[in-house]
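Shown next: start16.txt, given as compact mmCIF, C-alpha atoms.
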# COMPACT_ATOMS: atom_id res chain seq x y z
CA MET A 252 -28.25 86.16 -38.65
CA LYS A 253 -29.56 86.72 -42.18
CA ARG A 254 -26.05 86.30 -43.56
CA ARG A 255 -25.53 83.07 -41.64
CA PHE A 256 -28.84 81.73 -42.98
CA ALA A 257 -27.91 82.76 -46.49
CA VAL A 258 -24.55 81.00 -46.27
CA SER A 259 -26.19 77.85 -44.90
CA PHE A 260 -28.80 77.91 -47.64
CA VAL A 261 -26.15 78.23 -50.31
CA ALA A 262 -24.17 75.39 -48.78
CA VAL A 263 -27.19 73.09 -48.63
CA ALA A 264 -28.20 73.99 -52.16
CA ALA A 265 -24.69 73.32 -53.41
CA ALA A 266 -24.60 70.00 -51.61
CA LEU A 267 -27.94 68.97 -53.08
CA ALA A 268 -26.83 70.09 -56.52
CA GLY A 269 -23.68 68.03 -56.20
CA GLN A 270 -25.58 64.98 -55.07
CA SER A 271 -28.18 65.30 -57.78
CA LYS A 272 -25.61 64.26 -60.36
CA VAL A 273 -25.25 60.81 -58.76
CA PRO A 274 -28.53 60.22 -56.95
CA GLU A 275 -28.53 56.44 -57.09
CA ILE A 276 -25.13 55.54 -55.75
CA PRO A 277 -24.84 53.13 -52.84
CA ARG A 278 -24.50 54.94 -49.53
CA MET A 279 -23.58 54.02 -45.98
CA PRO A 280 -26.20 54.46 -43.23
CA GLY A 281 -24.44 57.73 -42.36
CA GLY A 282 -24.87 59.04 -45.91
CA GLN A 283 -21.32 58.62 -47.19
CA PRO A 284 -20.85 56.84 -50.52
CA ASN A 285 -20.36 53.11 -50.12
CA PHE A 286 -17.64 51.58 -52.27
CA SER A 287 -18.08 48.03 -50.95
CA GLY A 288 -18.08 45.30 -53.56
CA VAL A 289 -15.88 43.34 -55.93
CA TRP A 290 -14.40 45.49 -58.64
CA ALA A 291 -12.73 45.18 -61.98
CA GLY A 292 -10.13 47.81 -61.29
CA PRO A 293 -8.16 50.28 -63.37
CA ALA A 294 -6.44 47.46 -65.26
CA PHE A 295 -9.60 46.26 -66.94
CA THR A 296 -11.05 47.31 -70.24
CA HIS A 297 -14.60 47.92 -69.18
CA ILE A 298 -16.85 46.48 -71.82
CA VAL A 299 -19.28 44.63 -69.60
CA GLY A 300 -21.26 42.25 -71.73
CA PRO A 301 -24.05 39.76 -71.08
CA ASN A 302 -21.58 37.30 -69.64
CA ASP A 303 -20.24 39.83 -67.17
CA THR A 304 -16.69 39.70 -68.43
CA ASP A 305 -14.32 42.63 -68.31
CA THR A 306 -11.03 42.31 -70.10
CA PRO A 307 -7.96 42.46 -67.86
CA ARG A 308 -4.66 43.79 -69.12
CA VAL A 309 -1.40 44.76 -67.52
CA THR A 310 -1.72 48.50 -67.12
CA ASN A 311 0.96 51.11 -66.81
CA PHE A 312 0.87 54.80 -66.23
CA ASP A 313 0.72 56.93 -69.35
CA ARG A 314 4.16 58.35 -69.98
CA ALA A 315 2.58 61.47 -71.52
CA LYS A 316 0.87 62.29 -68.24
CA MET A 317 4.04 62.16 -66.17
CA ALA A 318 5.73 65.33 -65.01
CA PRO A 319 9.28 66.14 -66.16
CA PHE A 320 12.07 64.31 -64.39
CA GLN A 321 14.28 65.89 -61.79
CA PRO A 322 17.85 66.34 -63.07
CA GLY A 323 19.43 62.90 -63.29
CA ALA A 324 16.26 61.14 -62.13
CA GLN A 325 15.31 59.66 -65.48
CA ALA A 326 18.16 57.17 -65.19
CA LYS A 327 16.93 56.17 -61.74
CA PHE A 328 13.38 55.75 -62.97
CA LEU A 329 14.09 53.96 -66.25
CA GLN A 330 16.77 51.55 -65.13
CA PRO A 331 17.90 49.30 -67.99
CA PRO A 332 17.48 45.53 -67.59
CA THR A 333 20.38 43.69 -66.00
CA GLY A 334 19.23 40.11 -66.51
CA ASP A 335 18.52 39.76 -62.80
CA PRO A 336 14.78 39.21 -62.32
CA ARG A 337 14.92 40.80 -58.88
CA HIS A 338 15.89 44.03 -60.59
CA ASP A 339 14.26 43.68 -64.00
CA ASP A 340 10.85 42.74 -62.62
CA PRO A 341 10.66 41.50 -59.02
CA THR A 342 7.17 40.10 -59.55
CA GLU A 343 8.70 37.49 -61.84
CA LEU A 344 10.06 35.99 -58.62
CA CYS A 345 6.65 36.44 -57.01
CA LEU A 346 7.95 39.32 -54.94
CA PRO A 347 5.30 41.96 -54.18
CA ASP A 348 4.28 44.51 -56.73
CA GLY A 349 3.52 47.04 -54.01
CA HIS A 350 1.43 50.17 -54.10
CA PRO A 351 0.45 51.67 -56.50
CA ARG A 352 1.30 48.88 -58.94
CA GLU A 353 -1.05 46.52 -57.11
CA ALA A 354 -3.99 48.77 -57.93
CA LEU A 355 -3.10 48.47 -61.62
CA ALA A 356 -2.77 44.67 -61.55
CA PRO A 357 -5.14 42.89 -63.93
CA TYR A 358 -6.94 41.05 -61.17
CA ALA A 359 -10.12 41.70 -59.22
CA GLN A 360 -10.11 43.73 -56.03
CA GLN A 361 -12.68 43.89 -53.27
CA ILE A 362 -13.53 46.86 -51.08
CA VAL A 363 -15.00 46.37 -47.62
CA GLN A 364 -16.13 49.66 -46.12
CA THR A 365 -17.10 50.51 -42.55
CA PRO A 366 -17.92 53.93 -41.14
CA ASP A 367 -14.32 54.46 -40.10
CA SER A 368 -12.25 52.36 -42.49
CA LEU A 369 -11.86 51.13 -46.03
CA VAL A 370 -10.29 47.75 -46.70
CA PHE A 371 -8.87 46.81 -50.08
CA LEU A 372 -8.54 43.08 -50.69
CA TYR A 373 -6.45 42.50 -53.78
CA GLU A 374 -6.73 39.16 -55.54
CA TYR A 375 -3.22 39.41 -56.94
CA MET A 376 -0.84 37.90 -54.39
CA HIS A 377 -3.53 38.29 -51.69
CA PHE A 378 -2.38 41.74 -50.62
CA PHE A 379 -4.57 44.03 -48.56
CA ARG A 380 -4.76 47.60 -47.30
CA VAL A 381 -6.63 48.56 -44.15
CA ILE A 382 -7.18 52.30 -44.42
CA PRO A 383 -8.56 54.28 -41.48
CA ILE A 384 -10.88 57.15 -42.34
CA GLY A 385 -10.34 60.39 -40.49
CA LYS A 386 -7.05 59.57 -38.81
CA PRO A 387 -3.57 60.99 -39.45
CA HIS A 388 -0.52 59.01 -40.47
CA PRO A 389 1.48 57.60 -37.57
CA ALA A 390 4.51 59.65 -36.63
CA ASP A 391 7.09 56.95 -37.29
CA ILE A 392 6.51 54.77 -40.34
CA ASP A 393 8.61 51.89 -41.61
CA LEU A 394 8.97 51.79 -45.37
CA THR A 395 6.92 48.93 -46.82
CA PHE A 396 5.66 47.65 -50.15
CA MET A 397 2.09 48.88 -49.58
CA GLY A 398 2.94 51.94 -47.50
CA ASN A 399 0.79 53.61 -44.88
CA SER A 400 -2.59 54.93 -46.00
CA VAL A 401 -5.17 57.14 -44.36
CA ALA A 402 -8.39 58.46 -45.86
CA ARG A 403 -10.69 61.43 -45.53
CA TRP A 404 -13.92 62.55 -47.13
CA GLU A 405 -14.13 65.52 -49.45
CA ARG A 406 -17.91 65.59 -49.88
CA ASP A 407 -18.65 62.41 -51.89
CA THR A 408 -15.03 61.75 -52.79
CA LEU A 409 -12.88 59.50 -50.63
CA VAL A 410 -9.31 60.76 -50.64
CA ILE A 411 -6.61 58.24 -49.71
CA ASP A 412 -3.19 59.53 -48.78
CA THR A 413 -0.27 57.08 -48.83
CA ILE A 414 3.33 57.48 -47.71
CA GLY A 415 5.98 55.15 -46.30
CA LEU A 416 6.72 53.29 -49.51
CA LYS A 417 10.06 51.64 -50.11
CA GLU A 418 11.85 52.20 -53.42
CA TRP A 419 10.17 49.82 -55.86
CA THR A 420 8.60 49.54 -59.28
CA LEU A 421 5.87 52.08 -60.00
CA SER A 422 4.17 49.91 -62.60
CA ALA A 423 4.72 46.79 -64.66
CA SER A 424 6.73 48.79 -67.15
CA ASN A 425 9.50 48.86 -64.58
CA GLY A 426 9.80 52.50 -63.71
CA TRP A 427 11.36 52.74 -60.27
CA HIS A 428 9.89 55.22 -57.81
CA SER A 429 11.84 56.47 -54.83
CA ASP A 430 11.27 56.11 -51.09
CA ALA A 431 9.82 59.63 -51.13
CA LEU A 432 6.78 58.55 -53.13
CA HIS A 433 3.51 59.98 -51.88
CA THR A 434 0.25 59.08 -53.59
CA ILE A 435 -3.22 60.55 -53.37
CA GLU A 436 -6.06 58.36 -54.62
CA ARG A 437 -9.51 59.79 -55.17
CA LEU A 438 -12.52 57.47 -55.38
CA ARG A 439 -15.74 58.97 -56.66
CA HIS A 440 -18.89 57.34 -57.99
CA ILE A 441 -19.79 58.10 -61.58
CA ASP A 442 -22.86 55.89 -61.27
CA ALA A 443 -23.90 53.00 -59.07
CA ALA A 444 -21.58 50.54 -60.81
CA THR A 445 -18.75 52.82 -61.90
CA VAL A 446 -16.14 54.61 -59.83
CA SER A 447 -13.57 57.11 -60.97
CA TYR A 448 -10.16 56.18 -59.61
CA GLU A 449 -7.75 59.08 -59.89
CA ILE A 450 -4.26 58.73 -58.53
CA THR A 451 -1.71 61.48 -58.06
CA ILE A 452 1.96 60.52 -58.09
CA ASP A 453 4.07 62.83 -55.98
CA ASP A 454 7.69 61.69 -55.97
CA PRO A 455 9.93 64.72 -55.46
CA LYS A 456 13.09 62.65 -55.91
CA ILE A 457 11.99 61.58 -59.39
CA PHE A 458 9.55 64.17 -60.77
CA THR A 459 9.60 67.95 -60.71
CA LYS A 460 5.95 68.12 -59.70
CA PRO A 461 3.02 65.83 -58.90
CA TRP A 462 1.05 64.36 -61.77
CA SER A 463 -2.21 62.44 -62.01
CA GLN A 464 -3.99 59.86 -64.08
CA GLU A 465 -7.63 58.86 -63.93
CA PHE A 466 -8.97 55.35 -64.43
CA GLN A 467 -12.35 53.72 -63.94
CA MET A 468 -13.47 50.76 -61.88
CA LYS A 469 -16.56 48.63 -62.52
CA ARG A 470 -18.48 46.87 -59.77
CA HIS A 471 -19.17 43.19 -60.51
CA PRO A 472 -21.86 41.79 -58.21
CA THR A 473 -21.40 38.30 -59.65
CA TRP A 474 -17.65 38.14 -59.02
CA SER A 475 -15.84 36.89 -55.97
CA LEU A 476 -12.14 36.96 -55.29
CA LEU A 477 -10.19 33.95 -56.47
CA GLU A 478 -7.13 32.29 -55.01
CA GLN A 479 -3.90 33.48 -56.60
CA VAL A 480 -0.78 31.80 -55.26
CA CYS A 481 2.09 33.11 -57.31
CA GLU A 482 4.59 30.57 -56.02
CA GLU A 483 2.45 27.60 -57.00
CA ASN A 484 3.97 26.93 -60.41
CA ASN A 485 6.19 29.88 -61.29
CA ARG A 486 8.32 28.52 -64.10
CA CYS A 487 10.76 30.18 -66.53
CA GLN A 488 12.01 32.80 -64.08
CA GLY A 489 14.51 35.01 -65.83
CA GLY A 490 13.95 33.05 -69.00
CA ASN A 491 15.34 29.87 -67.49
CA CYS A 492 12.69 27.21 -67.74
CA THR A 493 12.55 24.03 -65.77
CA ALA A 494 11.15 20.94 -67.44
CA SER A 495 7.73 19.83 -66.34
CA ASP A 496 7.14 16.20 -65.44
CA SER A 497 5.67 15.67 -68.88
CA GLN A 498 8.91 16.87 -70.48
CA LYS A 499 11.37 14.84 -68.41
CA MET B 111 -15.08 18.62 -78.58
CA PRO B 112 -16.35 22.07 -79.43
CA ALA B 113 -15.30 24.88 -77.17
CA PRO B 114 -18.11 26.55 -75.19
CA LYS B 115 -19.93 29.27 -77.06
CA ILE B 116 -18.96 31.77 -74.42
CA LEU B 117 -15.31 30.98 -75.05
CA LEU B 118 -15.64 31.60 -78.74
CA ALA B 119 -17.61 34.81 -78.30
CA VAL B 120 -15.13 36.20 -75.83
CA ALA B 121 -12.17 35.07 -77.88
CA ALA B 122 -13.52 36.65 -81.03
CA SER B 123 -14.05 39.97 -79.34
CA LEU B 124 -10.62 39.86 -77.78
CA LEU B 125 -8.92 39.00 -81.02
CA LEU B 126 -10.69 41.78 -82.83
CA ALA B 127 -9.83 44.25 -80.11
CA ASN B 128 -6.15 43.26 -80.30
CA SER B 129 -5.50 45.17 -77.14
CA VAL B 130 -4.88 42.57 -74.52
CA LEU B 131 -1.83 41.90 -72.47
CA LEU B 132 -2.02 39.38 -69.70
CA ALA B 133 0.79 38.71 -67.32
CA HIS B 134 1.92 38.92 -63.76
CA HIS B 135 5.34 40.13 -64.77
CA ALA B 136 7.33 41.51 -67.71
CA TYR B 137 6.79 39.28 -70.73
CA THR B 138 10.24 39.84 -72.20
CA ALA B 139 11.92 38.60 -69.02
CA GLU B 140 11.02 35.06 -70.02
CA PHE B 141 10.25 34.98 -73.73
CA ASP B 142 12.14 36.05 -76.83
CA THR B 143 9.83 38.17 -78.94
CA THR B 144 12.16 37.75 -81.91
CA LYS B 145 11.44 34.02 -81.96
CA PRO B 146 7.78 33.39 -82.71
CA VAL B 147 6.67 29.79 -82.69
CA LYS B 148 3.51 28.06 -83.91
CA LEU B 149 3.14 24.36 -83.29
CA THR B 150 0.44 21.75 -83.73
CA GLY B 151 0.18 18.76 -81.46
CA VAL B 152 -1.92 16.67 -79.13
CA LEU B 153 -2.84 18.14 -75.75
CA ALA B 154 -0.88 15.90 -73.38
CA LYS B 155 -1.19 17.79 -70.11
CA LEU B 156 -2.83 20.89 -68.70
CA ASP B 157 -1.47 22.59 -65.58
CA TRP B 158 -4.38 24.80 -64.53
CA SER B 159 -2.50 26.66 -61.82
CA ASN B 160 -1.10 30.05 -60.88
CA PRO B 161 0.65 32.22 -61.72
CA HIS B 162 0.11 31.00 -65.32
CA ILE B 163 -1.52 27.93 -66.77
CA TRP B 164 0.79 25.63 -68.73
CA VAL B 165 -0.41 23.75 -71.79
CA TYR B 166 1.67 20.81 -73.01
CA LEU B 167 1.49 19.58 -76.58
CA ASP B 168 3.04 16.40 -77.96
CA VAL B 169 4.42 17.63 -81.28
CA LYS B 170 5.45 15.10 -83.94
CA ASP B 171 8.13 16.12 -86.45
CA ASP B 172 8.55 14.95 -90.05
CA LYS B 173 10.39 11.81 -88.89
CA GLY B 174 7.71 10.88 -86.42
CA VAL B 175 9.69 11.91 -83.36
CA VAL B 176 7.43 13.31 -80.65
CA THR B 177 8.60 16.23 -78.52
CA THR B 178 6.61 17.70 -75.66
CA TRP B 179 6.38 21.48 -75.73
CA GLY B 180 5.19 23.60 -72.81
CA PHE B 181 3.26 26.82 -73.36
CA SER B 182 2.77 29.39 -70.60
CA ALA B 183 -0.54 31.24 -70.88
CA SER B 184 -2.73 33.48 -68.74
CA PRO B 185 -3.57 32.88 -65.07
CA PRO B 186 -6.61 30.71 -64.29
CA GLY B 187 -8.59 33.59 -62.84
CA MET B 188 -8.19 35.79 -65.89
CA LEU B 189 -9.21 33.00 -68.22
CA GLN B 190 -12.16 32.11 -66.04
CA ARG B 191 -13.45 35.66 -66.09
CA ARG B 192 -13.19 35.60 -69.88
CA GLY B 193 -15.26 32.46 -70.09
CA ILE B 194 -12.39 30.01 -70.57
CA THR B 195 -12.28 27.21 -68.01
CA ARG B 196 -10.12 24.15 -67.41
CA ASN B 197 -12.72 22.17 -69.34
CA SER B 198 -12.33 24.30 -72.46
CA LEU B 199 -9.18 22.41 -73.43
CA LYS B 200 -9.55 18.64 -73.67
CA LEU B 201 -6.74 16.16 -73.20
CA GLY B 202 -6.06 14.30 -76.43
CA GLU B 203 -7.45 16.94 -78.77
CA VAL B 204 -5.30 18.45 -81.51
CA LEU B 205 -4.42 22.08 -80.94
CA THR B 206 -2.25 24.65 -82.63
CA ILE B 207 -0.66 27.20 -80.31
CA SER B 208 1.29 30.30 -81.26
CA GLY B 209 3.56 32.33 -79.04
CA HIS B 210 7.23 33.13 -78.48
CA ARG B 211 10.02 30.76 -77.49
CA ALA B 212 11.56 30.77 -74.03
CA LYS B 213 14.78 32.75 -73.79
CA ASP B 214 16.74 29.66 -72.73
CA GLY B 215 15.99 27.91 -76.02
CA SER B 216 14.19 25.03 -74.32
CA ASN B 217 11.01 23.46 -75.62
CA ASN B 218 8.92 26.03 -73.79
CA ALA B 219 7.12 29.08 -75.07
CA SER B 220 4.45 31.58 -74.32
CA GLY B 221 1.02 30.46 -75.41
CA ASN B 222 -0.84 33.35 -76.94
CA VAL B 223 -3.45 32.03 -79.30
CA VAL B 224 -4.84 28.49 -79.42
CA THR B 225 -6.50 27.22 -82.59
CA PHE B 226 -8.80 24.23 -82.41
CA ALA B 227 -8.93 21.50 -85.04
CA ASP B 228 -12.09 22.98 -86.57
CA GLY B 229 -10.42 26.35 -87.07
CA ARG B 230 -11.86 28.28 -84.16
CA ASP B 231 -9.37 30.13 -82.04
CA ALA B 232 -9.07 31.86 -78.69
CA LEU B 233 -6.64 34.15 -76.98
CA ILE B 234 -5.24 32.33 -73.96
CA GLY B 235 -2.20 34.42 -73.29
CA GLN B 236 -0.41 37.60 -73.99
CA ASP B 237 -0.08 39.79 -77.00
CA GLN B 238 3.36 41.25 -76.76
CA ALA B 239 2.70 43.52 -79.70
CA VAL B 240 0.54 45.74 -77.53
CA ASN B 241 2.72 45.70 -74.45
CA PRO B 242 2.85 49.29 -73.24
CA THR B 243 6.31 50.23 -72.08
CA LEU B 244 8.16 53.24 -70.89
CA LYS B 245 11.36 52.20 -72.61
Mind turning the file's structure into structure tokens?
Amino acid sequence: MKRRFAVSFVAVAAALAGQSKVPEIPRMPGGQPNFSGVWAGPAFTHIVGPNDTDTPRVTNFDRAKMAPFQPGAQAKFLQPPTGDPRHDDPTELCLPDGHPREALAPYAQQIVQTPDSLVFLYEYMHFFRVIPIGKPHPADIDLTFMGNSVARWERDTLVIDTIGLKEWTLSASNGWHSDALHTIERLRHIDAATVSYEITIDDPKIFTKPWSQEFQMKRHPTWSLLEQVCEENNRCQGGNCTASDSQK
Amino acid sequence: MPAPKILLAVAASLLLANSVLLAHHAYTAEFDTTKPVKLTGVLAKLDWSNPHIWVYLDVKDDKGVVTTWGFSASPPGMLQRRGITRNSLKLGEVLTISGHRAKDGSNNASGNVVTFADGRDALIGQDQAVNPTLK
């Protein structure tokens, strides 16, 4: 009995100690951290000034953080350009960027959180992810651009596990991941307006071991998602420009 | 017409930082970074639409012949969040735009930096020099 009490006391004390580092973060009615809001994601340089402007930039994974390649996999990952936009950069044709490249797109993203799900609404190309919390992956998953994601809580960190991704570009720098890609995203408040976004890339067909990179996200209460229709006026695909009406 | 103060403040900070790359795709897929271009002309048309705004300048050569050049710049949303709106560029005003020519050799280019007639400038596009790449 005494031992059980001692263990419980230690656990409660540890929990309180952990929470004391981030006492003012938004929380759900059930006590879990609340990530809801519109965010400048990992692809923004977070220098929030008086005009509430973060600086977006196309963001790639840091080559120095990547694990060594599997034998022969470097050629699969770093495929040289062919002149075909579908291969060289599918987004030039307004094809999806897919996960995890979407998370690194230099556009805003909104999170809508409920007790049992987290919804990402991405401004870029209007993609979304509906992520159940506390459920396993389905047994039979089709390979898709955004994959299949499920989440779980590890204390105040939300851990998102994603599989079921088709072979596609890992980032804008045109590294190609395989259909075995598995990602683990960890969202954790640093303060009320800042979240640490750490993503682990586990692609056993490309890399010898998983590797991770951490970014930050900034909440922007004054932002709202904007319309972004890639097909609206997508000129110069593949370097072949069409004349505008003012040039005809 | 002077650009809004917010535009100039943001532009100045961005130019000093020299660390901005804005695109929805690979820059080099469309533009030849070995062919920089810098042209001055009259703003004839502004396509404020996705995935990139297009700015059209009527450029007059030494013989008085006018050619319309198109410059592809950042998406509307990115510019808006940096304080640059569709009203920041006025039809009929003289602008100088620098960028890189389209790979097909047509009268199109990327629009990276716009300079107003009074000398102020703003980053409206991409800076290929800081493009991070794995290759």
Item to check | Between CA of Ala318 in chain A and CA of Phe466 in chain A - distance in Å to one decimal | outcome: 17.8 Å
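Across the structure, CA of Asn491 in chain A and CA of Ala219 in chain B are spaced 11.2 Å apart.
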Next on the checklist: Counting only C-alpha atoms, a student should be able to say which residues of chain A come within 8 Å of chain B; what is the right answer, written as an MDAnalysis selection string?
Outcome noted: chainID A and resid 302 304:311 314 329 334 336 339:343 356:358 423:426 477 479:485 487:492 495 497:498
Checklist entry - Between CA of Ile384 in chain A and CA of Ser368 in chain A, what is the spacing in Å? => result 5.0 Å
Next on the checklist: I'd like to know which of B:Val175, B:Val147, B:Val169, B:Leu199 is closest to Ser220 in chain B, using all atoms listed in the file.
Outcome noted: B:Val147
Next on the checklist: Need the shell around Ile382 in chain A: protein/DNA/RNA residues with any atom at most 6 Å away, counting only C-alpha atoms. Skip same-chain ones fewer than 4 positions apart. Format as a list of chain:residue names?
Outcome noted: A:Ser368, A:Leu369, A:Val370, A:Ser400, A:Val401
Next on the checklist: Around the point (-4.6, 15.4, -73.0) (coordinates from the file), which residues reach within 7 Å if we count only C-alpha atoms? Answer as a count of residues only.
Outcome noted: 8
With N, CA and C atoms as the goal, would you fill in the gaps in range 149-174 of chain B and present it as a JSON list (two decimals), in the frame of the given file?
[["chain", "number", "residue", "atom", "x", "y", "z"],
["B", 149, "LEU", "N", 3.02, 25.80, -83.22],
["B", 149, "LEU", "CA", 3.14, 24.36, -83.29],
["B", 149, "LEU", "C", 1.78, 23.68, -83.15],
["B", 150, "THR", "N", 1.67, 22.55, -83.82],
["B", 150, "THR", "CA", 0.44, 21.75, -83.73],
["B", 150, "THR", "C", 0.78, 20.41, -83.08],
["B", 151, "GLY", "N", -0.06, 20.02, -82.13],
["B", 151, "GLY", "CA", 0.18, 18.76, -81.46],
["B", 151, "GLY", "C", -1.03, 18.32, -80.68],
["B", 152, "VAL", "N", -0.84, 17.23, -79.95],
["B", 152, "VAL", "CA", -1.92, 16.67, -79.13],
["B", 152, "VAL", "C", -1.78, 17.17, -77.71],
["B", 153, "LEU", "N", -2.88, 17.64, -77.13],
["B", 153, "LEU", "CA", -2.84, 18.14, -75.75],
["B", 153, "LEU", "C", -2.54, 16.97, -74.80],
["B", 154, "ALA", "N", -1.33, 17.01, -74.22],
["B", 154, "ALA", "CA", -0.88, 15.90, -73.38],
["B", 154, "ALA", "C", -1.09, 16.17, -71.90],
["B", 155, "LYS", "N", -1.07, 17.46, -71.53],
["B", 155, "LYS", "CA", -1.19, 17.79, -70.11],
["B", 155, "LYS", "C", -1.62, 19.24, -69.99],
["B", 156, "LEU", "N", -2.40, 19.52, -68.97],
["B", 156, "LEU", "CA", -2.83, 20.89, -68.70],
["B", 156, "LEU", "C", -2.60, 21.20, -67.23],
["B", 157, "ASP", "N", -1.70, 22.12, -66.95],
["B", 157, "ASP", "CA", -1.47, 22.59, -65.58],
["B", 157, "ASP", "C", -2.32, 23.83, -65.36],
["B", 158, "TRP", "N", -3.46, 23.66, -64.75],
["B", 158, "TRP", "CA", -4.38, 24.80, -64.53],
["B", 158, "TRP", "C", -4.05, 25.40, -63.17],
["B", 159, "SER", "N", -2.96, 26.14, -63.11],
["B", 159, "SER", "CA", -2.50, 26.66, -61.82],
["B", 159, "SER", "C", -1.88, 28.03, -62.00],
["B", 160, "ASN", "N", -1.73, 28.74, -60.88],
["B", 160, "ASN", "CA", -1.10, 30.05, -60.88],
["B", 160, "ASN", "C", 0.42, 29.93, -60.86],
["B", 161, "PRO", "N", 1.15, 30.93, -61.25],
["B", 161, "PRO", "CA", 0.65, 32.22, -61.72],
["B", 161, "PRO", "C", 0.23, 32.21, -63.20],
["B", 162, "HIS", "N", 0.54, 31.13, -63.93],
["B", 162, "HIS", "CA", 0.11, 31.00, -65.32],
["B", 162, "HIS", "C", -0.24, 29.55, -65.58],
["B", 163, "ILE", "N", -1.26, 29.32, -66.38],
["B", 163, "ILE", "CA", -1.52, 27.93, -66.77],
["B", 163, "ILE", "C", -0.42, 27.50, -67.74],
["B", 164, "TRP", "N", -0.16, 26.19, -67.76],
["B", 164, "TRP", "CA", 0.79, 25.63, -68.73],
["B", 164, "TRP", "C", 0.06, 24.57, -69.55],
["B", 165, "VAL", "N", 0.24, 24.67, -70.85],
["B", 165, "VAL", "CA", -0.41, 23.75, -71.79],
["B", 165, "VAL", "C", 0.70, 22.97, -72.48],
["B", 166, "TYR", "N", 0.61, 21.64, -72.44],
["B", 166, "TYR", "CA", 1.67, 20.81, -73.01],
["B", 166, "TYR", "C", 1.14, 20.07, -74.24],
["B", 167, "LEU", "N", 1.85, 20.25, -75.34],
["B", 167, "LEU", "CA", 1.49, 19.58, -76.58],
["B", 167, "LEU", "C", 2.56, 18.57, -76.96],
["B", 168, "ASP", "N", 2.14, 17.37, -77.35],
["B", 168, "ASP", "CA", 3.04, 16.40, -77.96],
["B", 168, "ASP", "C", 3.10, 16.71, -79.45],
["B", 169, "VAL", "N", 4.26, 17.17, -79.89],
["B", 169, "VAL", "CA", 4.42, 17.63, -81.28],
["B", 169, "VAL", "C", 5.27, 16.62, -82.04],
["B", 170, "LYS", "N", 4.74, 16.11, -83.15],
["B", 170, "LYS", "CA", 5.45, 15.10, -83.94],
["B", 170, "LYS", "C", 6.12, 15.78, -85.13],
["B", 171, "ASP", "N", 7.43, 15.50, -85.32],
["B", 171, "ASP", "CA", 8.13, 16.12, -86.45],
["B", 171, "ASP", "C", 8.00, 15.24, -87.71],
["B", 172, "ASP", "N", 8.68, 15.64, -88.77],
["B", 172, "ASP", "CA", 8.55, 14.95, -90.05],
["B", 172, "ASP", "C", 9.00, 13.49, -89.97],
["B", 173, "LYS", "N", 9.90, 13.18, -89.02],
["B", 173, "LYS", "CA", 10.39, 11.81, -88.89],
["B", 173, "LYS", "C", 9.59, 10.99, -87.89],
["B", 174, "GLY", "N", 8.55, 11.61, -87.36],
["B", 174, "GLY", "CA", 7.71, 10.88, -86.42],
["B", 174, "GLY", "C", 8.17, 10.97, -84.98]]
